[in-house]
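Engineer: Starting off with a structure, shown below.
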Amino acid sequence: MYRFLVVIEKTDTGFSAYSPDLPGCIATGLTREETEKNMHEAIEFHIHGLLEDHLSVPESSSFAEFMAVA
């Protein structure tokens, strides 16, 4: 099983998502739930493509943290 950080951002028309560890792997949707589903499918597709091309799947090295600033 692979695990990747996914960043989801609100846009003017819905939501968009990307993974810093998988350059070019992105998804969009009208709702956050739709975007999460689409991103899950995009990551699966991306990984399958890498494996079919006999390329290694990158290790996840990204992380996120909320920081409170007064």
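Identifiers for the structure tokens are assigned positionally: chains receive A, B, ... in sequence, residues are indexed from 1 per chain, and ligands are indexed from 1 in the order shown.
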Neighbouring residues of A:Met1 were defined as those with any atom within 12 Å, considering only C-alpha atoms; residues of the same chain fewer than 5 positions away were excluded. Please report them as a PyMOL selection string.

Structural biologist: chain A and resi 43-44+47+57+59-60

Engineer: Print the selection's residues with C-alpha atoms to a file, as a PDB file, in the first residue's frame.

Structural biologist:
ATOM      1  CA  ILE A  43      -3.076   8.463  -7.847  1.00  0.00           C
ATOM      2  CA  GLU A  44      -4.025   4.863  -8.682  1.00  0.00           C
ATOM      3  CA  ILE A  47       1.048   4.508  -9.928  1.00  0.00           C
ATOM      4  CA  VAL A  57       6.998   4.629  -7.289  1.00  0.00           C
ATOM      5  CA  GLU A  59       8.452   7.317  -1.519  1.00  0.00           C
ATOM      6  CA  SER A  60       6.289   9.863   0.191  1.00  0.00           C
TER       7      SER A  60
END

Engineer: Between A:Ala68, A:Arg32, A:Ser62, A:Asn38, which is the closest to A:Phe4 once you count only C-alpha atoms?

Structural biologist: A:Ser62
